[in-house]
Amino acid sequence: MVKLVYIIVDGMADLPIRLLNNKTPLEYAYKPNISSFLKHATYGFPSVLGKLAPQSDVGVMADLSYDPIKYSTGRGWFECLGLGMAPKDGELSVRVNFGEVKGRKISSVRTYMSKEELHLLEAEINEKVQMPIGFRFKVGEDYRAGLVLTSDKEQFSEYVSNNEPGYTPKFYKTGKKLSFATDIKDLKIHDIKPLRHGAKYTAELLNLFIKNAIKVIKNSEVFILRAKDNKPLPNYLFLRDAAVRDPHLPAINEKFKRRWAAITGMPLEKGIASAAGMKLIEVEESQDINKNFSEKAESVAAAMRSFDCVYLHIKQTDSVSHLGKYADKYAIIEAIDRIIIGRLLRELNIQRGDTLVMTCDHATSCELKRHINSNIPVLIVNRKFGQNKDFGEANCRKKHISAIERATDILPFVVALK
Ligand SMILES: [Zn+2]
């Protein structure tokens, strides 16, 4: 059986940057191993979701062939599923950030903490927060967490606002819910508001959880020690993308008649991959990029022995883009080329019919420090194609195949290649 390796490099696409000779980080990066694959390559340049700047959930779903407008019930579901919280239909799943406020103003929606600090806060919150209904709270990486509320009294509603100001929910006639990255204009703290009739109960409970959890956090040892050391404080919780229903993604193994494995350490991507029915292969998201990429490369090589298709997600490019670190971004792309693509040169047999795809879930601009609505560059390596020019946004825009108009078209096209 031929193999497919599908790499999604989070937020890889960007705009040209003056200090990089008007190249994007992808174009500027030295990528000799990708260049070796260009003997048999073609390009796609699809839009992810038209005019709207996508979040990662939307982009990853689309890259994996699931139309977000048809399936998305809210990012909270995938986040909590990926954290191992096993949300059920009727429960309310929410993505949470630990953040910091000063007075009534937001100073950051991301208070980075160590694993140990996060786990101590998780234990305190689960043990000490008093709520009139059931809940479970679980931390992820850095500043992230998930919250699941359970109630046998009233039904929850997903029609509530986010109090994380960078993302605004949008509801579709199909009953589906997505949310989009928006400019933060107003740094005031807002309560979560009901957006439709019947959502008041849910909004009130979420606001109550925030209030009660903040009290517990402020009395915790983690908080007191951080305050003493003058470190950024986790003195507020920012919630977003509440979901109440399973998105019921059709199983990817059935859809494409191939066996899939996923390699990612991030809860959101784990959640989407497991909702699609992929086998999750655990990898640690270590801070050391060389170690992280070497482990991922080995995991991909091992998974290729038992699975037909391997989805690999790489997060670091997006994180540095949000911080405006364009030099780190091209250095990470160079490390992907050196460590991961270098390893794949030995593992993939293009003559036999194996395929490599490298793309991203959305573009993240280092200059604007946020997601943008640009089309995404897609590299497809397969023996069907001839020599191509350097992989980057401009070349993909100039010369791309017409069969891939939207990101949801990538996989059906690729799987049909012989
Ligand atoms: Zn992303």
# chains A, B, ... in the order shown; residues from 1 in each chain; ligands from 1
>>> residues_around(residues="region 169-175 of chain A", least_positions_apart="2", cutoff="12 Å", atoms="only C-alpha atoms", output="PDB file with C-alpha atoms, in the first residue's frame")
ATOM      1  CA  LEU A  52     -13.052  35.384   7.250  1.00  0.00           C
ATOM      2  CA  PRO A  54      -9.963  31.250  10.355  1.00  0.00           C
ATOM      3  CA  GLN A  55      -9.078  29.897  13.766  1.00  0.00           C
ATOM      4  CA  PRO A  68     -16.520  23.573   9.038  1.00  0.00           C
ATOM      5  CA  ILE A  69     -19.833  25.175   8.084  1.00  0.00           C
ATOM      6  CA  LYS A  70     -21.327  21.718   7.731  1.00  0.00           C
ATOM      7  CA  TYR A  71     -19.883  20.167  10.882  1.00  0.00           C
ATOM      8  CA  SER A  72     -18.582  22.626  13.479  1.00  0.00           C
ATOM      9  CA  THR A  73     -20.597  22.801  16.693  1.00  0.00           C
ATOM     10  CA  GLY A  74     -18.010  25.019  18.447  1.00  0.00           C
ATOM     11  CA  ARG A  75     -14.316  24.633  19.162  1.00  0.00           C
ATOM     12  CA  GLY A  76     -14.932  23.846  22.840  1.00  0.00           C
ATOM     13  CA  SER A 157     -27.121  26.548  24.917  1.00  0.00           C
ATOM     14  CA  GLU A 158     -24.149  27.303  22.648  1.00  0.00           C
ATOM     15  CA  TYR A 159     -25.630  30.734  21.860  1.00  0.00           C
ATOM     16  CA  VAL A 160     -23.429  32.626  24.295  1.00  0.00           C
ATOM     17  CA  SER A 161     -20.718  35.224  23.697  1.00  0.00           C
ATOM     18  CA  ASN A 162     -17.005  34.712  24.407  1.00  0.00           C
ATOM     19  CA  ASN A 163     -15.345  36.819  27.087  1.00  0.00           C
ATOM     20  CA  GLU A 164     -12.006  36.228  25.281  1.00  0.00           C
ATOM     21  CA  PRO A 165     -12.125  39.345  23.099  1.00  0.00           C
ATOM     22  CA  GLY A 166      -9.936  38.067  20.231  1.00  0.00           C
ATOM     23  CA  TYR A 167     -12.573  35.639  18.962  1.00  0.00           C
ATOM     24  CA  LYS A 177     -21.197  27.477  15.153  1.00  0.00           C
ATOM     25  CA  LEU A 178     -17.753  28.820  14.248  1.00  0.00           C
ATOM     26  CA  SER A 179     -15.683  31.581  15.694  1.00  0.00           C
ATOM     27  CA  PHE A 180     -13.278  33.982  14.061  1.00  0.00           C
ATOM     28  CA  ALA A 181     -10.200  35.890  15.053  1.00  0.00           C
ATOM     29  CA  THR A 182     -11.082  39.553  15.417  1.00  0.00           C
ATOM     30  CA  ILE A 192     -20.508  36.316  28.926  1.00  0.00           C
ATOM     31  CA  LYS A 193     -23.838  37.269  27.384  1.00  0.00           C
ATOM     32  CA  PRO A 194     -26.753  35.182  26.107  1.00  0.00           C
ATOM     33  CA  LEU A 195     -27.086  35.748  22.347  1.00  0.00           C
ATOM     34  CA  ARG A 196     -30.440  34.002  21.844  1.00  0.00           C
ATOM     35  CA  LEU A 239     -13.720  31.504  27.948  1.00  0.00           C
ATOM     36  CA  ARG A 240     -14.664  30.874  24.377  1.00  0.00           C
ATOM     37  CA  ASP A 241     -16.468  28.711  21.860  1.00  0.00           C
ATOM     38  CA  ALA A 242     -18.941  26.833  24.062  1.00  0.00           C
ATOM     39  CA  ALA A 243     -20.347  23.699  22.400  1.00  0.00           C
ATOM     40  CA  VAL A 244     -23.192  21.392  23.397  1.00  0.00           C
ATOM     41  CA  ARG A 245     -23.208  18.825  20.597  1.00  0.00           C
ATOM     42  CA  PRO A 247     -20.042  17.374  15.557  1.00  0.00           C
TER      43      PRO A 247
END
>>> closest_atom_pairs(of="chain A", to="ligand 1", cutoff="7 Å", atoms="only C-alpha atoms and all ligand atoms", output="CSV")
residue,atom,partner,partner_atom_place_in_ligand_line,distance
A:Asp10,CA,ligand 1,1 (Zn),4.5
A:Gly11,CA,ligand 1,1 (Zn),5.1
A:Gln55,CA,ligand 1,1 (Zn),6.0
A:Ser56,CA,ligand 1,1 (Zn),3.5
A:Gly59,CA,ligand 1,1 (Zn),6.8
A:Asp318,CA,ligand 1,1 (Zn),6.2
A:Asp361,CA,ligand 1,1 (Zn),5.4
A:His362,CA,ligand 1,1 (Zn),6.0
>>> write_last_selection(atoms="N, CA and C atoms", output="PDB file, in the first residue's frame")
ATOM      1  N   ASP A  10       1.219  24.862  11.555  1.00  0.00           N
ATOM      2  CA  ASP A  10       0.236  25.828  12.053  1.00  0.00           C
ATOM      3  C   ASP A  10       0.619  27.275  11.725  1.00  0.00           C
ATOM      4  N   GLY A  11      -0.273  27.981  11.029  1.00  0.00           N
ATOM      5  CA  GLY A  11      -0.037  29.399  10.745  1.00  0.00           C
ATOM      6  C   GLY A  11       1.215  29.660   9.911  1.00  0.00           C
ATOM      7  N   GLN A  55      -9.784  30.427  12.599  1.00  0.00           N
ATOM      8  CA  GLN A  55      -9.078  29.897  13.766  1.00  0.00           C
ATOM      9  C   GLN A  55      -8.527  28.535  13.364  1.00  0.00           C
ATOM     10  N   SER A  56      -7.698  27.962  14.240  1.00  0.00           N
ATOM     11  CA  SER A  56      -7.097  26.667  13.912  1.00  0.00           C
ATOM     12  C   SER A  56      -8.126  25.550  13.738  1.00  0.00           C
ATOM     13  N   GLY A  59      -9.466  25.720  10.244  1.00  0.00           N
ATOM     14  CA  GLY A  59      -8.441  25.392   9.252  1.00  0.00           C
ATOM     15  C   GLY A  59      -8.095  23.912   9.247  1.00  0.00           C
ATOM     16  N   ASP A 318       2.968  28.972  14.527  1.00  0.00           N
ATOM     17  CA  ASP A 318       1.875  29.889  14.853  1.00  0.00           C
ATOM     18  C   ASP A 318       2.188  30.679  16.120  1.00  0.00           C
ATOM     19  N   ASP A 361      -3.011  25.506   8.357  1.00  0.00           N
ATOM     20  CA  ASP A 361      -4.443  25.628   8.661  1.00  0.00           C
ATOM     21  C   ASP A 361      -4.965  27.036   8.373  1.00  0.00           C
ATOM     22  N   HIS A 362      -4.056  28.003   8.327  1.00  0.00           N
ATOM     23  CA  HIS A 362      -4.403  29.409   8.074  1.00  0.00           C
ATOM     24  C   HIS A 362      -3.085  30.158   7.986  1.00  0.00           C
TER      25      HIS A 362
END
>>> residues_around(residues="region 394-408 of chain A", least_positions_apart="6", cutoff="8 Å", atoms="only C-alpha atoms", output="PyMOL selection string")
chain A and resi 42-49+59+62-67+377-378
>>> write_last_selection(atoms="C-alpha atoms", output="mmCIF file, in the first residue's frame")
data_model
loop_
_atom_site.group_PDB
_atom_site.id
_atom_site.type_symbol
_atom_site.label_atom_id
_atom_site.label_comp_id
_atom_site.auth_asym_id
_atom_site.auth_seq_id
_atom_site.Cartn_x
_atom_site.Cartn_y
_atom_site.Cartn_z
ATOM 1 C CA THR A 42 2.563 20.499 -7.708
ATOM 2 C CA TYR A 43 0.992 23.373 -5.787
ATOM 3 C CA GLY A 44 -2.421 24.322 -4.491
ATOM 4 C CA PHE A 45 -3.471 27.754 -3.234
ATOM 5 C CA PRO A 46 -6.966 27.316 -1.786
ATOM 6 C CA SER A 47 -8.973 29.573 0.460
ATOM 7 C CA VAL A 48 -9.842 28.183 3.879
ATOM 8 C CA LEU A 49 -13.095 29.997 4.567
ATOM 9 C CA GLY A 59 -8.441 25.392 9.252
ATOM 10 C CA ALA A 62 -11.018 22.025 6.310
ATOM 11 C CA ASP A 63 -7.508 20.620 5.620
ATOM 12 C CA LEU A 64 -8.784 17.203 6.726
ATOM 13 C CA SER A 65 -11.744 17.530 4.291
ATOM 14 C CA TYR A 66 -14.487 18.412 6.807
ATOM 15 C CA ASP A 67 -16.385 21.549 5.781
ATOM 16 C CA PRO A 377 0.129 27.374 0.119
ATOM 17 C CA VAL A 378 -0.108 23.599 -0.433
#
>>> residues_around(residues="Gly84 (chain A)", least_positions_apart="3", cutoff="12 Å", atoms="only C-alpha atoms", output="number ranges by chain")
A: 77-81, 87-88, 93, 136-140, 145-148, 266-268, 270-271, 274-275, 280
>>> closest_residue(among="A:Ile133, A:Val415, A:Leu379, A:Leu206", to="Lys153 (chain A)", atoms="only C-alpha atoms")
A:Ile133
>>> atom_distance(atom1="CA of Asp246 (chain A)", atom2="CA of Glu91 (chain A)")
9.8 Å
>>> select_by_dssp(residues="region 183-285 of chain A", states="helix (DSSP H, G or I)", output="ChimeraX atom specification")
/A:200-218,221-228,252-256,267-275
>>> residues_around(residues="region 209-223 of chain A", least_positions_apart="5", cutoff="9 Å", atoms="only C-alpha atoms", output="PyMOL selection string")
chain A and resi 117-118+120-121+124-125+128-131+204+228+233-239
>>> write_last_selection(atoms="C-alpha atoms", output="mmCIF file, in the first residue's frame")
data_model
loop_
_atom_site.group_PDB
_atom_site.id
_atom_site.type_symbol
_atom_site.label_atom_id
_atom_site.label_comp_id
_atom_site.auth_asym_id
_atom_site.auth_seq_id
_atom_site.Cartn_x
_atom_site.Cartn_y
_atom_site.Cartn_z
ATOM 1 C CA GLU A 117 1.653 25.341 38.366
ATOM 2 C CA LEU A 118 -1.142 24.438 35.942
ATOM 3 C CA LEU A 120 -1.830 22.615 41.052
ATOM 4 C CA LEU A 121 -4.457 25.123 39.869
ATOM 5 C CA GLU A 124 -7.580 23.515 43.506
ATOM 6 C CA ILE A 125 -10.347 24.459 41.060
ATOM 7 C CA LYS A 128 -12.753 24.044 45.897
ATOM 8 C CA VAL A 129 -14.976 25.786 43.333
ATOM 9 C CA GLN A 130 -18.615 25.555 44.435
ATOM 10 C CA MET A 131 -21.207 25.368 41.664
ATOM 11 C CA GLU A 204 -25.134 32.923 34.104
ATOM 12 C CA LYS A 228 5.717 37.551 45.353
ATOM 13 C CA LEU A 233 -0.715 36.584 37.308
ATOM 14 C CA PRO A 234 -3.477 34.159 36.370
ATOM 15 C CA ASN A 235 -6.122 36.430 37.930
ATOM 16 C CA TYR A 236 -8.826 36.035 35.273
ATOM 17 C CA LEU A 237 -10.346 33.345 33.046
ATOM 18 C CA PHE A 238 -11.172 33.922 29.397
ATOM 19 C CA LEU A 239 -13.720 31.504 27.948
#
>>> closest_atom_pairs(of="region 197-269 of chain A", to="region 295-299 of chain A", cutoff="12 Å", atoms="only C-alpha atoms", output="tab-separated table")
residue	atom	partner	partner_atom	distance
A:Ala261	CA	A:Ser299	CA	10.2
A:Ala262	CA	A:Ser299	CA	9.8
A:Ile263	CA	A:Lys296	CA	7.3
A:Thr264	CA	A:Lys296	CA	8.4
A:Gly265	CA	A:Lys296	CA	9.8
>>> closest_residue(among="A:Ser365, A:Ile34, A:Lys185, A:Arg18", to="Val381 (chain A)", atoms="only C-alpha atoms")
A:Ile34
>>> decode(residues="region 127-256 of chain A", atoms="C-alpha atoms", output="CSV table (one decimal), in the first residue's frame")
chain,number,residue,atom,x,y,z
A,127,GLU,CA,-11.7,20.6,44.6
A,128,LYS,CA,-12.8,24.0,45.9
A,129,VAL,CA,-15.0,25.8,43.3
A,130,GLN,CA,-18.6,25.6,44.4
A,131,MET,CA,-21.2,25.4,41.7
A,132,PRO,CA,-24.9,24.5,41.7
A,133,ILE,CA,-24.3,22.0,38.9
A,134,GLY,CA,-21.5,19.5,38.1
A,135,PHE,CA,-18.3,20.5,36.3
A,136,ARG,CA,-14.9,19.2,35.4
A,137,PHE,CA,-11.8,21.3,34.7
A,138,LYS,CA,-8.6,20.2,33.0
A,139,VAL,CA,-5.5,22.1,32.1
A,140,GLY,CA,-3.6,21.8,28.8
A,141,GLU,CA,-0.3,23.5,27.8
A,142,ASP,CA,1.1,26.9,28.8
A,143,TYR,CA,-2.1,28.9,29.6
A,144,ARG,CA,-4.8,26.6,28.3
A,145,ALA,CA,-7.6,24.6,29.9
A,146,GLY,CA,-11.0,23.0,29.2
A,147,LEU,CA,-14.2,23.2,31.2
A,148,VAL,CA,-17.2,20.8,30.9
A,149,LEU,CA,-20.4,21.7,32.7
A,150,THR,CA,-23.1,19.0,33.4
A,151,SER,CA,-26.6,19.6,34.4
A,152,ASP,CA,-29.8,17.5,34.7
A,153,LYS,CA,-31.9,20.6,35.4
A,154,GLU,CA,-32.0,22.8,32.3
A,155,GLN,CA,-30.5,22.5,28.8
A,156,PHE,CA,-27.3,24.3,27.9
A,157,SER,CA,-27.1,26.5,24.9
A,158,GLU,CA,-24.1,27.3,22.6
A,159,TYR,CA,-25.6,30.7,21.9
A,160,VAL,CA,-23.4,32.6,24.3
A,161,SER,CA,-20.7,35.2,23.7
A,162,ASN,CA,-17.0,34.7,24.4
A,163,ASN,CA,-15.3,36.8,27.1
A,164,GLU,CA,-12.0,36.2,25.3
A,165,PRO,CA,-12.1,39.3,23.1
A,166,GLY,CA,-9.9,38.1,20.2
A,167,TYR,CA,-12.6,35.6,19.0
A,168,THR,CA,-16.2,36.3,18.0
A,169,PRO,CA,-18.7,33.5,17.5
A,170,LYS,CA,-20.7,33.3,14.3
A,171,PHE,CA,-23.9,31.2,14.0
A,172,TYR,CA,-25.0,29.7,10.7
A,173,LYS,CA,-28.5,28.8,9.5
A,174,THR,CA,-27.4,25.2,9.4
A,175,GLY,CA,-27.3,25.4,13.3
A,176,LYS,CA,-23.5,25.3,13.1
A,177,LYS,CA,-21.2,27.5,15.2
A,178,LEU,CA,-17.8,28.8,14.2
A,179,SER,CA,-15.7,31.6,15.7
A,180,PHE,CA,-13.3,34.0,14.1
A,181,ALA,CA,-10.2,35.9,15.1
A,182,THR,CA,-11.1,39.6,15.4
A,183,ASP,CA,-9.1,42.6,16.3
A,184,ILE,CA,-9.1,43.4,20.0
A,185,LYS,CA,-10.5,47.0,20.1
A,186,ASP,CA,-11.7,47.1,23.6
A,187,LEU,CA,-9.7,45.9,26.6
A,188,LYS,CA,-12.6,46.1,29.1
A,189,ILE,CA,-13.6,42.9,30.8
A,190,HIS,CA,-17.0,41.8,29.6
A,191,ASP,CA,-19.4,39.2,31.1
A,192,ILE,CA,-20.5,36.3,28.9
A,193,LYS,CA,-23.8,37.3,27.4
A,194,PRO,CA,-26.8,35.2,26.1
A,195,LEU,CA,-27.1,35.7,22.3
A,196,ARG,CA,-30.4,34.0,21.8
A,197,HIS,CA,-33.5,33.2,23.8
A,198,GLY,CA,-32.9,30.3,26.1
A,199,ALA,CA,-29.1,31.0,26.6
A,200,LYS,CA,-29.5,33.0,29.9
A,201,TYR,CA,-29.0,29.9,32.1
A,202,THR,CA,-25.8,29.0,30.3
A,203,ALA,CA,-24.4,32.5,30.4
A,204,GLU,CA,-25.1,32.9,34.1
A,205,LEU,CA,-23.5,29.6,35.0
A,206,LEU,CA,-20.3,30.5,33.0
A,207,ASN,CA,-20.1,33.9,34.7
A,208,LEU,CA,-20.6,32.3,38.1
A,209,PHE,CA,-17.8,29.7,37.3
A,210,ILE,CA,-15.4,32.5,36.3
A,211,LYS,CA,-16.2,34.5,39.5
A,212,ASN,CA,-15.8,31.5,41.8
A,213,ALA,CA,-12.7,30.1,40.1
A,214,ILE,CA,-10.9,33.4,40.3
A,215,LYS,CA,-11.5,33.5,44.1
A,216,VAL,CA,-10.0,30.0,44.4
A,217,ILE,CA,-7.1,30.9,42.2
A,218,LYS,CA,-6.3,34.1,44.1
A,219,ASN,CA,-6.1,32.1,47.3
A,220,SER,CA,-3.8,29.4,45.8
A,221,GLU,CA,-0.2,28.9,46.6
A,222,VAL,CA,0.7,29.2,42.9
A,223,PHE,CA,-0.9,32.7,42.8
A,224,ILE,CA,0.7,33.9,46.0
A,225,LEU,CA,4.2,32.8,44.9
A,226,ARG,CA,3.8,34.3,41.5
A,227,ALA,CA,2.7,37.6,43.0
A,228,LYS,CA,5.7,37.6,45.4
A,229,ASP,CA,8.1,36.9,42.4
A,230,ASN,CA,6.4,39.7,40.3
A,231,LYS,CA,5.4,37.2,37.6
A,232,PRO,CA,2.3,37.7,35.3
A,233,LEU,CA,-0.7,36.6,37.3
A,234,PRO,CA,-3.5,34.2,36.4
A,235,ASN,CA,-6.1,36.4,37.9
A,236,TYR,CA,-8.8,36.0,35.3
A,237,LEU,CA,-10.3,33.3,33.0
A,238,PHE,CA,-11.2,33.9,29.4
A,239,LEU,CA,-13.7,31.5,27.9
A,240,ARG,CA,-14.7,30.9,24.4
A,241,ASP,CA,-16.5,28.7,21.9
A,242,ALA,CA,-18.9,26.8,24.1
A,243,ALA,CA,-20.3,23.7,22.4
A,244,VAL,CA,-23.2,21.4,23.4
A,245,ARG,CA,-23.2,18.8,20.6
A,246,ASP,CA,-21.0,16.2,19.1
A,247,PRO,CA,-20.0,17.4,15.6
A,248,HIS,CA,-20.4,13.8,14.3
A,249,LEU,CA,-17.5,13.9,11.8
A,250,PRO,CA,-17.8,11.0,9.3
A,251,ALA,CA,-15.0,8.5,10.0
A,252,ILE,CA,-12.0,9.4,7.9
A,253,ASN,CA,-10.9,5.7,7.5
A,254,GLU,CA,-14.2,4.9,5.9
A,255,LYS,CA,-14.3,8.1,3.9
A,256,PHE,CA,-11.0,7.5,2.1
